[in-house]
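Visitor: Quick one: the structure is below, questions incoming.
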Amino acid sequence: MDETLEHIAADVRACRACDLYHSRSQAVPGQGPVDARVIFIGEGPGFHEDQQGVPFVGAAGEFLEELLAMIGLKRREVFIANVIKCRPPGNRDPRPDEIEACSGFLDRQIALIRPLVIVTLGRFSMARYFPHAKISHIHGQPRKIDGILYYPMYHPAAALHQPSLRPKVEEDMARIPDLMARIDEFPDTPPQEQVTQLHLF
Ligand code: URA
């Protein structure tokens, strides 16, 4: 059977690979079209996302939609997902074992969508690709690996809590159309440099 986003979503909803299934109201597989050119990856569902089964529907989601509108994109044109698909109790940080248990779903979604750009929102999704990097050092710096441009940004919720981050988030978002237009100009990171770059850039 050919893989589809609906199959992946059904597997997410049935998942019991970590303890979060006990406390979730609904899993939140992700939302967007299979031909999306950009994937945004956040942290994990919050209260409203858990209630509705849809990512980024609370205050951070509203801000994300404003940011998308700034660059002429609608949320229905991009794929929006999270590092973990179920809400951690009390919105605590996701644990490494939970992230590990969930990572195959995101891998499958990315493999199916084959986006041009993956935007990581916040440090948990950044750490998936750049494990030891600091977001204050690398936000807004794209790196191309195997044809996909990885673009780390602060989480929109961070900018809501810390207004000084807002201009940085807006500036980083504003660069996305230009990055997409020039994607072929970015050299792929050579395999021998990937391990170091992934950790340090
Ligand atoms: N924050 C996230 O990281 N993801 C959501 O879906 C909502 C808020």
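Numbering starts fresh at 1 for the residues of each chain in the structure tokens, the chains themselves are lettered A, B, ... in the order given, and ligands are numbered from 1 as they appear.
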As a short mmCIF file (atom, residue, chain, number, x, y, z; two decimals) with C-alpha atoms, in the first residue's frame, please: every residue in segment 46-103 of chain A that DSSP puts in strand (DSSP E or B).

Guide:
```
data_model
loop_
_atom_site.label_atom_id
_atom_site.label_comp_id
_atom_site.auth_asym_id
_atom_site.auth_seq_id
_atom_site.Cartn_x
_atom_site.Cartn_y
_atom_site.Cartn_z
CA PHE A 79 2.80 21.59 6.39
CA ILE A 80 2.81 22.22 10.14
CA ALA A 81 3.96 19.56 12.57
CA ASN A 82 5.65 19.07 15.90
#
```

Visitor: Run DSSP on the backbone and grab whatever in segment 32-170 of chain A lands in alpha helix (DSSP H); send it over as a PyMOL selection string.

Guide: chain A and resi 47-52+59-70+96-113+123-129+135-138+156-161+166-170

Visitor: How about saving the chosen residues, C-alpha atoms kept, as a PDB file, in the first residue's frame?

Guide:
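Now in result21.pdb:
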```
ATOM      1  CA  PHE A  47      -3.890  22.573  25.520  1.00  0.00           C
ATOM      2  CA  HIS A  48      -5.863  23.757  22.484  1.00  0.00           C
ATOM      3  CA  GLU A  49      -3.994  21.527  20.037  1.00  0.00           C
ATOM      4  CA  ASP A  50      -4.698  18.511  22.256  1.00  0.00           C
ATOM      5  CA  GLN A  51      -8.393  19.424  22.353  1.00  0.00           C
ATOM      6  CA  GLN A  52      -8.710  19.941  18.597  1.00  0.00           C
ATOM      7  CA  ALA A  59      -1.801  32.013  20.605  1.00  0.00           C
ATOM      8  CA  ALA A  60       1.466  30.765  19.060  1.00  0.00           C
ATOM      9  CA  GLY A  61      -0.539  29.493  16.099  1.00  0.00           C
ATOM     10  CA  GLU A  62      -2.188  32.852  15.590  1.00  0.00           C
ATOM     11  CA  PHE A  63       1.216  34.492  15.543  1.00  0.00           C
ATOM     12  CA  LEU A  64       2.550  31.838  13.148  1.00  0.00           C
ATOM     13  CA  GLU A  65      -0.338  32.612  10.786  1.00  0.00           C
ATOM     14  CA  GLU A  66       0.494  36.339  10.972  1.00  0.00           C
ATOM     15  CA  LEU A  67       4.113  35.551  10.162  1.00  0.00           C
ATOM     16  CA  LEU A  68       3.060  33.388   7.220  1.00  0.00           C
ATOM     17  CA  ALA A  69       0.800  36.171   5.938  1.00  0.00           C
ATOM     18  CA  MET A  70       3.797  38.542   6.048  1.00  0.00           C
ATOM     19  CA  PRO A  96      14.252  12.544  25.026  1.00  0.00           C
ATOM     20  CA  ASP A  97      12.545   9.133  25.112  1.00  0.00           C
ATOM     21  CA  GLU A  98       9.277  10.695  23.920  1.00  0.00           C
ATOM     22  CA  ILE A  99      11.026  12.555  21.094  1.00  0.00           C
ATOM     23  CA  GLU A 100      12.797   9.347  20.091  1.00  0.00           C
ATOM     24  CA  ALA A 101       9.578   7.306  20.169  1.00  0.00           C
ATOM     25  CA  CYS A 102       7.841   9.882  17.949  1.00  0.00           C
ATOM     26  CA  SER A 103      10.595  10.713  15.467  1.00  0.00           C
ATOM     27  CA  GLY A 104       9.664   8.048  12.913  1.00  0.00           C
ATOM     28  CA  PHE A 105       6.353   9.773  12.195  1.00  0.00           C
ATOM     29  CA  LEU A 106       8.052  13.031  11.283  1.00  0.00           C
ATOM     30  CA  ASP A 107      10.608  11.111   9.202  1.00  0.00           C
ATOM     31  CA  ARG A 108       7.777   9.507   7.251  1.00  0.00           C
ATOM     32  CA  GLN A 109       5.964  12.829   6.752  1.00  0.00           C
ATOM     33  CA  ILE A 110       9.138  14.514   5.512  1.00  0.00           C
ATOM     34  CA  ALA A 111       9.996  11.602   3.195  1.00  0.00           C
ATOM     35  CA  LEU A 112       6.545  11.778   1.641  1.00  0.00           C
ATOM     36  CA  ILE A 113       6.313  15.566   1.307  1.00  0.00           C
ATOM     37  CA  ARG A 123      15.133  24.467  20.286  1.00  0.00           C
ATOM     38  CA  PHE A 124      13.515  21.015  20.318  1.00  0.00           C
ATOM     39  CA  SER A 125      13.008  20.822  16.575  1.00  0.00           C
ATOM     40  CA  MET A 126      16.353  22.577  15.999  1.00  0.00           C
ATOM     41  CA  ALA A 127      18.033  19.852  18.087  1.00  0.00           C
ATOM     42  CA  ARG A 128      16.672  17.183  15.749  1.00  0.00           C
ATOM     43  CA  TYR A 129      19.067  18.493  13.085  1.00  0.00           C
ATOM     44  CA  ILE A 135      19.448  28.860  18.858  1.00  0.00           C
ATOM     45  CA  SER A 136      20.776  32.358  19.624  1.00  0.00           C
ATOM     46  CA  HIS A 137      23.829  31.508  17.456  1.00  0.00           C
ATOM     47  CA  ILE A 138      22.202  29.791  14.515  1.00  0.00           C
ATOM     48  CA  PRO A 156       6.755  32.015  17.894  1.00  0.00           C
ATOM     49  CA  ALA A 157       5.703  31.449  21.523  1.00  0.00           C
ATOM     50  CA  ALA A 158       9.165  32.579  22.658  1.00  0.00           C
ATOM     51  CA  ALA A 159       8.587  35.896  20.887  1.00  0.00           C
ATOM     52  CA  LEU A 160       5.184  36.246  22.549  1.00  0.00           C
ATOM     53  CA  HIS A 161       6.769  35.778  25.987  1.00  0.00           C
ATOM     54  CA  ARG A 166       9.839  39.484  17.927  1.00  0.00           C
ATOM     55  CA  PRO A 167      11.893  41.493  15.405  1.00  0.00           C
ATOM     56  CA  LYS A 168      14.322  38.561  15.061  1.00  0.00           C
ATOM     57  CA  VAL A 169      11.458  36.158  14.377  1.00  0.00           C
ATOM     58  CA  GLU A 170       9.927  38.554  11.845  1.00  0.00           C
TER      59      GLU A 170
END
```

Visitor: State, in Å with one decimal place, the distance from atom CA of Pro190 of chain A to atom CA of Ile148 of chain A.

Guide: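 If I compute the distance from atom CA of Pro190 of chain A to atom CA of Ile148 of chain A, I get 13.1 Å.
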
Visitor: Within 6 Å of ligand 1, which residues show up when you count only C-alpha atoms and all ligand atoms? List them as a list in words, please.

Guide: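 Checked against 6 Å with only C-alpha atoms and all ligand atoms; the hits are Gly42, Glu43, Gly44, Pro45, Gly46, Glu49, Pro55, Phe56, Ala60 and Asn82 of chain A.
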
Visitor: Could you write out the selected residues, including N, CA and C atoms, as an mmCIF file, in the first residue's frame?

Guide:
```cif
data_model
loop_
_atom_site.group_PDB
_atom_site.id
_atom_site.type_symbol
_atom_site.label_atom_id
_atom_site.label_comp_id
_atom_site.auth_asym_id
_atom_site.auth_seq_id
_atom_site.Cartn_x
_atom_site.Cartn_y
_atom_site.Cartn_z
ATOM 1 N N GLY A 42 7.292 22.530 15.066
ATOM 2 C CA GLY A 42 7.296 23.123 16.407
ATOM 3 C C GLY A 42 7.737 22.112 17.450
ATOM 4 N N GLU A 43 7.260 22.328 18.655
ATOM 5 C CA GLU A 43 7.703 21.500 19.786
ATOM 6 C C GLU A 43 6.711 20.358 20.042
ATOM 7 N N GLY A 44 5.550 20.711 20.539
ATOM 8 C CA GLY A 44 4.544 19.692 20.816
ATOM 9 C C GLY A 44 3.207 20.370 21.028
ATOM 10 N N PRO A 45 2.128 19.593 20.978
ATOM 11 C CA PRO A 45 0.797 20.185 21.167
ATOM 12 C C PRO A 45 0.648 20.794 22.560
ATOM 13 N N GLY A 46 -0.058 21.914 22.617
ATOM 14 C CA GLY A 46 -0.457 22.496 23.899
ATOM 15 C C GLY A 46 -1.916 22.140 24.182
ATOM 16 N N GLU A 49 -4.338 22.495 21.090
ATOM 17 C CA GLU A 49 -3.994 21.527 20.037
ATOM 18 C C GLU A 49 -4.465 20.133 20.439
ATOM 19 N N PRO A 55 -2.361 21.166 14.928
ATOM 20 C CA PRO A 55 -1.215 21.892 15.483
ATOM 21 C C PRO A 55 -1.382 23.412 15.404
ATOM 22 N N PHE A 56 -0.754 24.100 16.322
ATOM 23 C CA PHE A 56 -0.665 25.565 16.293
ATOM 24 C C PHE A 56 -2.032 26.237 16.104
ATOM 25 N N ALA A 60 0.266 30.909 19.909
ATOM 26 C CA ALA A 60 1.466 30.765 19.060
ATOM 27 C C ALA A 60 1.059 30.506 17.611
ATOM 28 N N ASN A 82 4.916 18.909 14.651
ATOM 29 C CA ASN A 82 5.653 19.070 15.903
ATOM 30 C C ASN A 82 6.626 17.910 16.086
#
```

Visitor: What does the structure give for the distance between atom CA of Gly30 of chain A and atom CA of Ala14 of chain A, in Å to one decimal?

Guide: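 Taking atom CA of Gly30 of chain A and atom CA of Ala14 of chain A, their separation equals 14.4 Å.
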
Visitor: Between atom CA of His7 of chain A and atom CA of Ile176 of chain A, what is the distance in Å, rounded to a tenth?

Guide: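 Atom CA of Ile176 of chain A lies at a distance of 29.8 Å from atom CA of His7 of chain A.
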
Visitor: Using only C-alpha atoms, pick whichever of A:Met153, A:Cys15, A:Ile118, A:Leu5 has the shortest atom-to-atom distance to Arg37 of chain A.

Guide: A:Ile118

Visitor: I'd like a table as a Markdown table: residues in segment 52-112 of chain A with an atom no more than 10 Å from segment 177-186 of chain A, each row giving the shortest atom pair and its distance in Å to one decimal, only C-alpha atoms counted, sorted by chain and rising residue number.

Guide:
```
| residue | atom | partner | partner_atom | distance |
| --- | --- | --- | --- | --- |
| A:Ile71 | CA | A:Pro177 | CA | 6.8 |
| A:Gly72 | CA | A:Pro177 | CA | 8.8 |
| A:Leu73 | CA | A:Pro177 | CA | 9.5 |
```

Visitor: Env of Leu149 of chain A: 9 Å cut, atoms = only C-alpha atoms, seq-sep filter 2 positions within chain, self excluded. Answer as a list in words.

Guide: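 Everything that qualifies: Pro115, Leu116, Val117, Ile118, Val119, Pro142, Arg143, Lys144, Ile145, Asp146, Gly147, Tyr151, Leu179, Met180, Ile183, Phe186 and Asp188 of chain A.
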
Visitor: Take the residues from that selection and put them in a file with N, CA and C atoms, as a CSV table (one decimal), in the first residue's frame.

Guide:
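After the write, part_15.csv holds the following:
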```
chain,number,residue,atom,x,y,z
A,115,PRO,N,10.0,18.4,1.1
A,115,PRO,CA,9.9,19.8,1.0
A,115,PRO,C,11.2,20.4,0.5
A,116,LEU,N,11.1,21.7,0.1
A,116,LEU,CA,12.3,22.4,-0.2
A,116,LEU,C,13.0,22.9,1.0
A,117,VAL,N,12.2,23.3,2.0
A,117,VAL,CA,12.7,24.0,3.2
A,117,VAL,C,12.0,23.3,4.4
A,118,ILE,N,12.8,23.1,5.4
A,118,ILE,CA,12.3,22.7,6.8
A,118,ILE,C,12.7,23.8,7.7
A,119,VAL,N,11.6,24.4,8.3
A,119,VAL,CA,11.9,25.5,9.3
A,119,VAL,C,11.7,24.9,10.6
A,142,PRO,N,20.6,29.3,7.1
A,142,PRO,CA,20.2,28.1,6.5
A,142,PRO,C,21.4,27.2,6.2
A,143,ARG,N,21.1,25.9,6.2
A,143,ARG,CA,22.1,24.9,5.8
A,143,ARG,C,21.4,23.9,4.9
A,144,LYS,N,22.0,23.6,3.8
A,144,LYS,CA,21.4,22.6,2.9
A,144,LYS,C,22.1,21.3,3.1
A,145,ILE,N,21.2,20.3,3.3
A,145,ILE,CA,21.7,18.9,3.4
A,145,ILE,C,20.9,18.0,2.6
A,146,ASP,N,21.5,17.2,1.7
A,146,ASP,CA,20.8,16.3,0.8
A,146,ASP,C,19.6,17.0,0.1
A,147,GLY,N,19.9,18.2,-0.3
A,147,GLY,CA,18.9,18.9,-1.2
A,147,GLY,C,17.8,19.7,-0.4
A,151,TYR,N,16.3,25.5,8.2
A,151,TYR,CA,16.3,26.9,8.5
A,151,TYR,C,15.8,27.1,10.0
A,179,LEU,N,15.0,32.7,0.2
A,179,LEU,CA,15.8,31.4,0.3
A,179,LEU,C,15.2,30.4,-0.7
A,180,MET,N,13.8,30.4,-0.7
A,180,MET,CA,13.2,29.5,-1.6
A,180,MET,C,13.5,29.8,-3.1
A,183,ILE,N,17.2,28.6,-3.8
A,183,ILE,CA,17.6,27.3,-3.2
A,183,ILE,C,18.7,26.6,-4.0
A,186,PHE,N,22.4,27.4,-3.1
A,186,PHE,CA,23.1,27.0,-1.8
A,186,PHE,C,23.8,25.7,-2.1
A,188,ASP,N,25.2,22.1,-1.3
A,188,ASP,CA,24.9,21.0,-0.3
A,188,ASP,C,26.1,20.8,0.6
```

Visitor: Between A:Ala17, A:Ile8, A:Pro191, A:Ser23, which is the closest to Gly90 of chain A once you count only C-alpha atoms?

Guide: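 The shortest atom-to-atom distance to Gly90 of chain A comes from A:Ser23.
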